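Enquirer: My questions all concern the structure below.
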Number of protein chains: 2
Amino acid sequence: MPSDNKIEASLNAPPAPRAADKILDVARDLFYREGIRAIGVDEIVKRAGVTKPSLYRSFPSKDELAASYLRKYDLEFWERFDEAVDAHPGNPRAQIIAFLTRVGKRTQKPDYRGCGMTNAAVEYPERGHPARVVSENNKVELRRRLRAMAAAMGAADSDTLGDGLLLLIEGAYISGQLFGLGGPAAAVARNADLLIEASLKK
Amino acid sequence: MPSDNKIEASLNAPPAPRAADKILDVARDLFYREGIRAIGVDEIVKRAGVTKPSLYRSFPSKDELAASYLRKYDLEFWERFDEAVDAHPGNPRAQIIAFLTRVGKRTQKPDYRGCGMTNAAVEYPERGHPARVVSENNKVELRRRLRAMAAAMGAADSDTLGDGLLLLIEGAYISGQLFGLGGPAAAVARNADLLIEASLKK
DNA sequence: CCATACATACGTACCGGTCAGTAACATTGT
DNA sequence: ACAATGTTACTGACCGGTACGTATGTATGG
């Protein structure tokens with residue numbers, strides 16, 4: 001019964017991970033942990049169990065593969081962000097604190113390596129680089145949302161507060177990977193709360 | 001009169017820049033602007049007008065050259081920091097604000113590329129890498145001093161305030177190079193002042 | 001029912017260029 | 001003479017990227 005086998009396969013079996021998926025998964029892991037410039041395409045295809053032409057059939061260049069990795073990272077980032085937002089409907093202050101509490105916790109994990117977006121922008125200062133473009137767009141949108149949330153809190157100077165929160169977040173990303181456990185990033189939520197408090201009064 | 005010529009030369013002429021100095025100057029410039037991994041030793045010696053063996057006579061490896069660059073950067077950093085400190089003796093709050101005001105201004109310059117220390121740590125996540133070690137030591141010392149200054153201000157939780165200031169600083173470094181002109185780093189001093197204000201009250 | 005034809009997906013082997021680093025020797029200035 | 005530098009040529013490893021051949025399944029024609 002060949003048709004039955006077909007149906008069974010398409011229903012039960014995992015959809016046979018294509019080479020492109022395996023490559024992107026491995027690239028995500030290696031790029032994040034060790035940096036994009038530090039990882040060669042040979043190592044990626046080796047760990048993915050595929051060959052180099054398979055990589056270049058799915059991605060036009062290593063730079064574009066890096067951009068794809070960051071687009072994936074972007075999706076996951078907003079999932080985490082919106083999770084904190086959805087947990088406290090109509091309460092932007094609680095939303096931010098919830099998000100930052102989680103960020104602070106993640107920065108204390110031993111294999112924490114900061115924000116993939118931020119790191120990529122450091123690795124590629126050149127304007128217009130595919131990876132950098134994705135990173136910049138993510139940050140611009142984050143800034144927009146933080147400023148909007150600061151305004152919703154009723155801050156006198158909401159743009160300044162929104163920017164201050166962004167500074168604390170980026171600082172947490174960086175010092176998380178610089179100091180590791182016991183570093184200043186653990187205090188990001190507390191400081192954000194103080195900053196919000198000071199920005200609302202008056 | 002050979003001795004007269006010697007004296008004249010040692011008094012008037014620039015001290016004949018040694019190859020090591022030229023190399024380190026060029027390396028400082030290129031490493032900071034484009035990143036350490038992005039610059040090859042060939043480009044450094046080419047721009048310095050020297051040859052590769054000269055580089056390896058003065059520096060045991062590229063990694064050690066990068067570490068030397070960061071040690072130089074470290075000195076310049078503490079000069080800038082102490083300049084702000086010395087301008088307001090006995091007033092740690094004014095010292096911090098003066099330092100951050102300058103940082104905020106530097107982040108708005110078009111060729112701003114963040115903190116060389118921070119960038120190097122992002123480029124070299126591997127523990128024990130010569131460049132990373134210099135970077136980590138700098139940050140640990142900066143944290144120590146910020147916490148001490150927060151205590152001198154009379155903050156209730158001085159460690160939290162010191163760490164908060166460090167987060168703002170690192171955030172300014174990063175978002176300075178991410179956003180450029182008009183970015184959130186311009187608001188770092190204002191936010192630090194708000195955070196200090198909130199941390200001192202009770 | 002089977003053969004041919006085509007598309008999809010993958011692998012083998014290789015390209016020129018650049019990487020960090022070095023050996024051996026010549027040149028310069030003091 | 002001596003110390004610092006330059007000159008030339010080279011190494012083996014790795015870089016991103018590609019030309020070209022191969023397996024497999026599927027659809028079509030007889």
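Order determines the names: the first chain of the structure tokens is A, the second B, and so forth; residues in each chain are numbered 1 upward, and ligands are numbered 1 upward as they are shown.
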Please, which residues in chain A fall within 12 Å of chain C when counting only C-alpha atoms (C1' of nucleotides), and what is the closest atom pair and distance in Å to one decimal for each, ordered by chain then residue number, as a Markdown table?

Expert:
| residue | atom | partner | partner_atom | distance |
| --- | --- | --- | --- | --- |
| A:Arg18 | CA | C:DA9 | C1' | 9.1 |
| A:Ala19 | CA | C:DA9 | C1' | 8.9 |
| A:Ala20 | CA | C:DA9 | C1' | 10.9 |
| A:Gly49 | CA | C:DC10 | C1' | 11.4 |
| A:Val50 | CA | C:DC10 | C1' | 8.3 |
| A:Thr51 | CA | C:DG11 | C1' | 6.9 |
| A:Lys52 | CA | C:DG11 | C1' | 9.2 |
| A:Pro53 | CA | C:DC10 | C1' | 8.3 |
| A:Ser54 | CA | C:DC10 | C1' | 7.0 |
| A:Leu55 | CA | C:DC10 | C1' | 10.7 |
| A:Tyr56 | CA | C:DC10 | C1' | 12.0 |
| A:Arg57 | CA | C:DA9 | C1' | 9.8 |
| A:Ser58 | CA | C:DA9 | C1' | 11.2 |

Enquirer: Using N, CA and C atoms, can you write the selected residues to a file as a PDB file, in the first residue's frame?

Expert:
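Just written: part_11.pdb:
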ATOM      1  N   ARG A  18      15.263  19.467   6.174  1.00  0.00           N
ATOM      2  CA  ARG A  18      16.034  19.793   4.979  1.00  0.00           C
ATOM      3  C   ARG A  18      17.397  20.344   5.398  1.00  0.00           C
ATOM      4  N   ALA A  19      18.286  20.302   4.414  1.00  0.00           N
ATOM      5  CA  ALA A  19      19.649  20.764   4.685  1.00  0.00           C
ATOM      6  C   ALA A  19      19.641  22.213   5.178  1.00  0.00           C
ATOM      7  N   ALA A  20      18.806  23.036   4.559  1.00  0.00           N
ATOM      8  CA  ALA A  20      18.772  24.459   4.922  1.00  0.00           C
ATOM      9  C   ALA A  20      18.411  24.650   6.389  1.00  0.00           C
ATOM     10  N   GLY A  49      26.285  18.270   9.254  1.00  0.00           N
ATOM     11  CA  GLY A  49      26.265  17.009   8.528  1.00  0.00           C
ATOM     12  C   GLY A  49      25.872  17.173   7.075  1.00  0.00           C
ATOM     13  N   VAL A  50      26.152  18.326   6.518  1.00  0.00           N
ATOM     14  CA  VAL A  50      25.845  18.537   5.097  1.00  0.00           C
ATOM     15  C   VAL A  50      27.120  19.019   4.402  1.00  0.00           C
ATOM     16  N   THR A  51      26.985  19.438   3.177  1.00  0.00           N
ATOM     17  CA  THR A  51      28.167  19.881   2.428  1.00  0.00           C
ATOM     18  C   THR A  51      28.002  21.344   2.027  1.00  0.00           C
ATOM     19  N   LYS A  52      29.121  21.911   1.640  1.00  0.00           N
ATOM     20  CA  LYS A  52      29.132  23.348   1.382  1.00  0.00           C
ATOM     21  C   LYS A  52      28.174  23.780   0.267  1.00  0.00           C
ATOM     22  N   PRO A  53      28.147  23.067  -0.842  1.00  0.00           N
ATOM     23  CA  PRO A  53      27.188  23.491  -1.873  1.00  0.00           C
ATOM     24  C   PRO A  53      25.759  23.549  -1.361  1.00  0.00           C
ATOM     25  N   SER A  54      25.404  22.670  -0.430  1.00  0.00           N
ATOM     26  CA  SER A  54      24.055  22.738   0.126  1.00  0.00           C
ATOM     27  C   SER A  54      23.818  24.066   0.817  1.00  0.00           C
ATOM     28  N   LEU A  55      24.852  24.558   1.482  1.00  0.00           N
ATOM     29  CA  LEU A  55      24.715  25.858   2.135  1.00  0.00           C
ATOM     30  C   LEU A  55      24.463  26.949   1.104  1.00  0.00           C
ATOM     31  N   TYR A  56      25.249  26.909   0.037  1.00  0.00           N
ATOM     32  CA  TYR A  56      25.165  28.001  -0.938  1.00  0.00           C
ATOM     33  C   TYR A  56      23.989  27.851  -1.894  1.00  0.00           C
ATOM     34  N   ARG A  57      23.300  26.710  -1.848  1.00  0.00           N
ATOM     35  CA  ARG A  57      22.044  26.618  -2.583  1.00  0.00           C
ATOM     36  C   ARG A  57      20.925  27.301  -1.812  1.00  0.00           C
ATOM     37  N   SER A  58      21.040  27.290  -0.494  1.00  0.00           N
ATOM     38  CA  SER A  58      19.981  27.875   0.318  1.00  0.00           C
ATOM     39  C   SER A  58      20.264  29.309   0.729  1.00  0.00           C
TER      40      SER A  58
END

Enquirer: Please give chain B as a PDB file with C-alpha atoms, in the first residue's frame, after it has been superposed on chain A by least squares over all Cα atoms paired in order.

Expert:
ATOM      1  CA  MET B   1      -0.743   1.232  -0.523  1.00  0.00           C
ATOM      2  CA  PRO B   2       1.667   4.011  -1.215  1.00  0.00           C
ATOM      3  CA  SER B   3      -0.804   6.712  -0.299  1.00  0.00           C
ATOM      4  CA  ASP B   4      -1.185   5.248   3.198  1.00  0.00           C
ATOM      5  CA  ASN B   5       2.539   5.341   3.700  1.00  0.00           C
ATOM      6  CA  LYS B   6       2.613   8.925   2.652  1.00  0.00           C
ATOM      7  CA  ILE B   7      -0.076   9.902   5.090  1.00  0.00           C
ATOM      8  CA  GLU B   8       1.545   7.988   7.904  1.00  0.00           C
ATOM      9  CA  ALA B   9       4.878   9.558   7.201  1.00  0.00           C
ATOM     10  CA  SER B  10       3.480  13.052   7.048  1.00  0.00           C
ATOM     11  CA  LEU B  11       1.632  12.551  10.300  1.00  0.00           C
ATOM     12  CA  ASN B  12       4.059  10.656  12.502  1.00  0.00           C
ATOM     13  CA  ALA B  13       7.546  11.218  11.286  1.00  0.00           C
ATOM     14  CA  PRO B  14       9.374  14.478  11.827  1.00  0.00           C
ATOM     15  CA  PRO B  15       9.176  16.405   8.580  1.00  0.00           C
ATOM     16  CA  ALA B  16      12.619  15.320   7.394  1.00  0.00           C
ATOM     17  CA  PRO B  17      14.687  18.370   8.294  1.00  0.00           C
ATOM     18  CA  ARG B  18      15.906  19.998   5.150  1.00  0.00           C
ATOM     19  CA  ALA B  19      19.573  20.889   4.773  1.00  0.00           C
ATOM     20  CA  ALA B  20      18.769  24.589   4.962  1.00  0.00           C
ATOM     21  CA  ASP B  21      17.113  24.116   8.347  1.00  0.00           C
ATOM     22  CA  LYS B  22      19.975  22.116   9.775  1.00  0.00           C
ATOM     23  CA  ILE B  23      22.438  24.695   8.519  1.00  0.00           C
ATOM     24  CA  LEU B  24      20.500  27.561  10.010  1.00  0.00           C
ATOM     25  CA  ASP B  25      20.169  25.779  13.346  1.00  0.00           C
ATOM     26  CA  VAL B  26      23.879  25.077  13.577  1.00  0.00           C
ATOM     27  CA  ALA B  27      24.742  28.567  12.381  1.00  0.00           C
ATOM     28  CA  ARG B  28      22.480  30.062  15.018  1.00  0.00           C
ATOM     29  CA  ASP B  29      24.206  28.113  17.734  1.00  0.00           C
ATOM     30  CA  LEU B  30      27.786  28.719  16.608  1.00  0.00           C
ATOM     31  CA  PHE B  31      27.332  32.341  15.573  1.00  0.00           C
ATOM     32  CA  TYR B  32      25.752  33.193  18.885  1.00  0.00           C
ATOM     33  CA  ARG B  33      28.241  31.364  21.063  1.00  0.00           C
ATOM     34  CA  GLU B  34      31.493  32.165  19.302  1.00  0.00           C
ATOM     35  CA  GLY B  35      30.726  35.094  17.036  1.00  0.00           C
ATOM     36  CA  ILE B  36      30.064  35.303  13.327  1.00  0.00           C
ATOM     37  CA  ARG B  37      33.553  36.229  12.192  1.00  0.00           C
ATOM     38  CA  ALA B  38      35.045  33.470  14.334  1.00  0.00           C
ATOM     39  CA  ILE B  39      33.094  30.701  12.598  1.00  0.00           C
ATOM     40  CA  GLY B  40      33.891  29.546   9.095  1.00  0.00           C
ATOM     41  CA  VAL B  41      31.401  28.017   6.697  1.00  0.00           C
ATOM     42  CA  ASP B  42      33.372  24.773   6.702  1.00  0.00           C
ATOM     43  CA  GLU B  43      32.731  24.299  10.397  1.00  0.00           C
ATOM     44  CA  ILE B  44      29.046  25.025   9.964  1.00  0.00           C
ATOM     45  CA  VAL B  45      28.499  22.445   7.220  1.00  0.00           C
ATOM     46  CA  LYS B  46      30.632  19.939   9.080  1.00  0.00           C
ATOM     47  CA  ARG B  47      28.567  20.190  12.256  1.00  0.00           C
ATOM     48  CA  ALA B  48      25.325  20.283  10.331  1.00  0.00           C
ATOM     49  CA  GLY B  49      26.277  17.072   8.574  1.00  0.00           C
ATOM     50  CA  VAL B  50      25.817  18.604   5.146  1.00  0.00           C
ATOM     51  CA  THR B  51      28.151  19.842   2.445  1.00  0.00           C
ATOM     52  CA  LYS B  52      29.193  23.253   1.342  1.00  0.00           C
ATOM     53  CA  PRO B  53      27.257  23.346  -1.925  1.00  0.00           C
ATOM     54  CA  SER B  54      24.100  22.701   0.102  1.00  0.00           C
ATOM     55  CA  LEU B  55      24.803  25.816   2.099  1.00  0.00           C
ATOM     56  CA  TYR B  56      25.293  27.931  -0.992  1.00  0.00           C
ATOM     57  CA  ARG B  57      22.163  26.517  -2.624  1.00  0.00           C
ATOM     58  CA  SER B  58      20.093  27.864   0.264  1.00  0.00           C
ATOM     59  CA  PHE B  59      22.042  30.995   1.163  1.00  0.00           C
ATOM     60  CA  PRO B  60      23.727  33.278  -1.343  1.00  0.00           C
ATOM     61  CA  SER B  61      26.661  34.059   0.958  1.00  0.00           C
ATOM     62  CA  LYS B  62      27.946  33.751   4.494  1.00  0.00           C
ATOM     63  CA  ASP B  63      26.874  37.324   5.154  1.00  0.00           C
ATOM     64  CA  GLU B  64      23.336  36.470   4.104  1.00  0.00           C
ATOM     65  CA  LEU B  65      23.406  33.367   6.266  1.00  0.00           C
ATOM     66  CA  ALA B  66      24.368  35.598   9.162  1.00  0.00           C
ATOM     67  CA  ALA B  67      21.466  37.890   8.300  1.00  0.00           C
ATOM     68  CA  SER B  68      19.123  34.892   8.250  1.00  0.00           C
ATOM     69  CA  TYR B  69      20.407  33.853  11.651  1.00  0.00           C
ATOM     70  CA  LEU B  70      19.623  37.311  12.966  1.00  0.00           C
ATOM     71  CA  ARG B  71      16.144  37.350  11.431  1.00  0.00           C
ATOM     72  CA  LYS B  72      15.463  34.130  13.292  1.00  0.00           C
ATOM     73  CA  TYR B  73      16.921  35.678  16.428  1.00  0.00           C
ATOM     74  CA  ASP B  74      14.683  38.682  15.876  1.00  0.00           C
ATOM     75  CA  LEU B  75      11.568  36.518  15.902  1.00  0.00           C
ATOM     76  CA  GLU B  76      12.609  34.770  19.098  1.00  0.00           C
ATOM     77  CA  PHE B  77      13.414  38.088  20.712  1.00  0.00           C
ATOM     78  CA  TRP B  78       9.968  39.525  20.098  1.00  0.00           C
ATOM     79  CA  GLU B  79       8.415  36.319  21.353  1.00  0.00           C
ATOM     80  CA  ARG B  80      10.188  36.780  24.663  1.00  0.00           C
ATOM     81  CA  PHE B  81       9.344  40.448  24.732  1.00  0.00           C
ATOM     82  CA  ASP B  82       5.672  39.968  23.964  1.00  0.00           C
ATOM     83  CA  GLU B  83       5.455  37.194  26.487  1.00  0.00           C
ATOM     84  CA  ALA B  84       6.318  39.680  29.206  1.00  0.00           C
ATOM     85  CA  VAL B  85       3.955  42.235  27.690  1.00  0.00           C
ATOM     86  CA  ASP B  86       1.040  39.815  27.459  1.00  0.00           C
ATOM     87  CA  ALA B  87       1.545  38.752  31.066  1.00  0.00           C
ATOM     88  CA  HIS B  88       0.583  42.237  32.290  1.00  0.00           C
ATOM     89  CA  PRO B  89      -2.067  43.676  29.992  1.00  0.00           C
ATOM     90  CA  GLY B  90      -2.505  47.416  30.301  1.00  0.00           C
ATOM     91  CA  ASN B  91       0.393  47.765  32.734  1.00  0.00           C
ATOM     92  CA  PRO B  92       3.489  48.861  30.818  1.00  0.00           C
ATOM     93  CA  ARG B  93       5.552  49.311  33.934  1.00  0.00           C
ATOM     94  CA  ALA B  94       4.956  45.718  35.020  1.00  0.00           C
ATOM     95  CA  GLN B  95       5.614  44.592  31.458  1.00  0.00           C
ATOM     96  CA  ILE B  96       9.049  46.177  31.395  1.00  0.00           C
ATOM     97  CA  ILE B  97       9.977  44.924  34.828  1.00  0.00           C
ATOM     98  CA  ALA B  98       8.857  41.409  33.925  1.00  0.00           C
ATOM     99  CA  PHE B  99      10.945  41.497  30.765  1.00  0.00           C
ATOM    100  CA  LEU B 100      13.990  42.861  32.565  1.00  0.00           C
ATOM    101  CA  THR B 101      13.678  40.383  35.393  1.00  0.00           C
ATOM    102  CA  ARG B 102      13.972  37.610  32.845  1.00  0.00           C
ATOM    103  CA  VAL B 103      16.843  39.312  31.061  1.00  0.00           C
ATOM    104  CA  GLY B 104      18.625  39.674  34.378  1.00  0.00           C
ATOM    105  CA  LYS B 105      18.196  35.985  35.069  1.00  0.00           C
ATOM    106  CA  ARG B 106      19.389  34.918  31.647  1.00  0.00           C
ATOM    107  CA  THR B 107      22.533  37.023  32.011  1.00  0.00           C
ATOM    108  CA  GLN B 108      23.501  34.946  35.032  1.00  0.00           C
ATOM    109  CA  LYS B 109      23.574  31.681  33.142  1.00  0.00           C
ATOM    110  CA  PRO B 110      27.081  30.357  32.549  1.00  0.00           C
ATOM    111  CA  ASP B 111      26.862  30.225  28.759  1.00  0.00           C
ATOM    112  CA  TYR B 112      25.247  33.615  28.376  1.00  0.00           C
ATOM    113  CA  ARG B 113      26.737  35.494  25.450  1.00  0.00           C
ATOM    114  CA  GLY B 114      24.696  38.677  25.300  1.00  0.00           C
ATOM    115  CA  CYS B 115      22.348  39.753  22.538  1.00  0.00           C
ATOM    116  CA  GLY B 116      23.052  38.279  19.122  1.00  0.00           C
ATOM    117  CA  MET B 117      21.875  41.501  17.508  1.00  0.00           C
ATOM    118  CA  THR B 118      24.137  43.713  19.566  1.00  0.00           C
ATOM    119  CA  ASN B 119      27.115  41.429  19.088  1.00  0.00           C
ATOM    120  CA  ALA B 120      26.616  41.324  15.338  1.00  0.00           C
ATOM    121  CA  ALA B 121      26.562  45.112  15.166  1.00  0.00           C
ATOM    122  CA  VAL B 122      29.865  45.211  17.028  1.00  0.00           C
ATOM    123  CA  GLU B 123      31.365  42.622  14.713  1.00  0.00           C
ATOM    124  CA  TYR B 124      30.219  44.451  11.574  1.00  0.00           C
ATOM    125  CA  PRO B 125      30.552  48.212  11.943  1.00  0.00           C
ATOM    126  CA  GLU B 126      30.343  48.691   8.203  1.00  0.00           C
ATOM    127  CA  ARG B 127      27.189  50.468   7.118  1.00  0.00           C
ATOM    128  CA  GLY B 128      24.817  48.405   5.045  1.00  0.00           C
ATOM    129  CA  HIS B 129      26.236  45.030   5.932  1.00  0.00           C
ATOM    130  CA  PRO B 130      23.335  42.525   5.722  1.00  0.00           C
ATOM    131  CA  ALA B 131      23.774  41.373   9.313  1.00  0.00           C
ATOM    132  CA  ARG B 132      24.070  44.892  10.634  1.00  0.00           C
ATOM    133  CA  VAL B 133      20.929  46.037   8.849  1.00  0.00           C
ATOM    134  CA  VAL B 134      18.849  43.369  10.609  1.00  0.00           C
ATOM    135  CA  SER B 135      20.398  44.325  13.917  1.00  0.00           C
ATOM    136  CA  GLU B 136      19.778  48.028  13.478  1.00  0.00           C
ATOM    137  CA  ASN B 137      16.154  47.508  12.506  1.00  0.00           C
ATOM    138  CA  ASN B 138      15.590  45.425  15.607  1.00  0.00           C
ATOM    139  CA  LYS B 139      17.055  48.092  17.848  1.00  0.00           C
ATOM    140  CA  VAL B 140      15.122  50.909  16.225  1.00  0.00           C
ATOM    141  CA  GLU B 141      11.896  49.022  16.749  1.00  0.00           C
ATOM    142  CA  LEU B 142      12.823  48.204  20.343  1.00  0.00           C
ATOM    143  CA  ARG B 143      13.504  51.873  20.998  1.00  0.00           C
ATOM    144  CA  ARG B 144      10.156  52.821  19.495  1.00  0.00           C
ATOM    145  CA  ARG B 145       8.297  50.382  21.697  1.00  0.00           C
ATOM    146  CA  LEU B 146      10.157  51.359  24.860  1.00  0.00           C
ATOM    147  CA  ARG B 147       9.409  55.017  24.267  1.00  0.00           C
ATOM    148  CA  ALA B 148       5.766  54.208  23.643  1.00  0.00           C
ATOM    149  CA  MET B 149       5.603  52.228  26.865  1.00  0.00           C
ATOM    150  CA  ALA B 150       7.256  55.049  28.771  1.00  0.00           C
ATOM    151  CA  ALA B 151       4.613  57.391  27.408  1.00  0.00           C
ATOM    152  CA  ALA B 152       1.873  54.964  28.421  1.00  0.00           C
ATOM    153  CA  MET B 153       3.278  55.006  31.947  1.00  0.00           C
ATOM    154  CA  GLY B 154       2.718  58.729  31.997  1.00  0.00           C
ATOM    155  CA  ALA B 155       6.359  59.757  32.238  1.00  0.00           C
ATOM    156  CA  ALA B 156       6.956  63.475  32.032  1.00  0.00           C
ATOM    157  CA  ASP B 157       9.804  63.046  29.549  1.00  0.00           C
ATOM    158  CA  SER B 158       8.833  59.737  28.034  1.00  0.00           C
ATOM    159  CA  ASP B 159      11.483  59.729  25.317  1.00  0.00           C
ATOM    160  CA  THR B 160      14.221  60.129  27.895  1.00  0.00           C
ATOM    161  CA  LEU B 161      12.814  57.329  30.026  1.00  0.00           C
ATOM    162  CA  GLY B 162      12.399  55.052  27.027  1.00  0.00           C
ATOM    163  CA  ASP B 163      15.987  55.712  26.018  1.00  0.00           C
ATOM    164  CA  GLY B 164      17.145  55.172  29.591  1.00  0.00           C
ATOM    165  CA  LEU B 165      15.495  51.779  29.633  1.00  0.00           C
ATOM    166  CA  LEU B 166      17.171  50.912  26.355  1.00  0.00           C
ATOM    167  CA  LEU B 167      20.540  51.901  27.801  1.00  0.00           C
ATOM    168  CA  LEU B 168      19.954  49.660  30.807  1.00  0.00           C
ATOM    169  CA  ILE B 169      18.954  46.774  28.565  1.00  0.00           C
ATOM    170  CA  GLU B 170      21.981  47.083  26.306  1.00  0.00           C
ATOM    171  CA  GLY B 171      24.163  47.491  29.355  1.00  0.00           C
ATOM    172  CA  ALA B 172      22.745  44.257  30.752  1.00  0.00           C
ATOM    173  CA  TYR B 173      23.430  42.398  27.513  1.00  0.00           C
ATOM    174  CA  ILE B 174      27.035  43.508  27.440  1.00  0.00           C
ATOM    175  CA  SER B 175      27.955  43.264  31.092  1.00  0.00           C
ATOM    176  CA  GLY B 176      26.178  39.930  31.254  1.00  0.00           C
ATOM    177  CA  GLN B 177      28.768  38.431  28.950  1.00  0.00           C
ATOM    178  CA  LEU B 178      31.599  40.483  30.423  1.00  0.00           C
ATOM    179  CA  PHE B 179      31.105  39.697  34.093  1.00  0.00           C
ATOM    180  CA  GLY B 180      29.108  36.492  34.047  1.00  0.00           C
ATOM    181  CA  LEU B 181      27.633  35.352  37.313  1.00  0.00           C
ATOM    182  CA  GLY B 182      27.404  38.012  40.015  1.00  0.00           C
ATOM    183  CA  GLY B 183      27.835  40.810  37.495  1.00  0.00           C
ATOM    184  CA  PRO B 184      25.964  44.109  37.361  1.00  0.00           C
ATOM    185  CA  ALA B 185      23.391  42.772  34.892  1.00  0.00           C
ATOM    186  CA  ALA B 186      21.645  41.026  37.780  1.00  0.00           C
ATOM    187  CA  ALA B 187      20.593  44.458  39.024  1.00  0.00           C
ATOM    188  CA  VAL B 188      19.002  45.625  35.783  1.00  0.00           C
ATOM    189  CA  ALA B 189      15.370  45.225  36.872  1.00  0.00           C
ATOM    190  CA  ARG B 190      15.935  46.965  40.195  1.00  0.00           C
ATOM    191  CA  ASN B 191      17.629  49.902  38.505  1.00  0.00           C
ATOM    192  CA  ALA B 192      14.942  50.117  35.861  1.00  0.00           C
ATOM    193  CA  ASP B 193      12.329  50.275  38.584  1.00  0.00           C
ATOM    194  CA  LEU B 194      14.191  53.085  40.316  1.00  0.00           C
ATOM    195  CA  LEU B 195      14.573  54.960  37.046  1.00  0.00           C
ATOM    196  CA  ILE B 196      10.874  54.596  36.255  1.00  0.00           C
ATOM    197  CA  GLU B 197       9.960  55.726  39.739  1.00  0.00           C
ATOM    198  CA  ALA B 198      12.100  58.829  39.385  1.00  0.00           C
ATOM    199  CA  SER B 199      10.709  59.566  35.914  1.00  0.00           C
ATOM    200  CA  LEU B 200       7.082  59.317  36.930  1.00  0.00           C
ATOM    201  CA  LYS B 201       7.245  61.618  39.901  1.00  0.00           C
ATOM    202  CA  LYS B 202       6.273  64.880  38.340  1.00  0.00           C
TER     203      LYS B 202
END

Enquirer: Write out as JSON, numbers by chain every residue belonging to chain D that has an atom at most 10 Å from any atom of chain B, counting only C-alpha atoms (C1' of nucleotides).

Expert: {"D": [4, 5, 6, 7]}
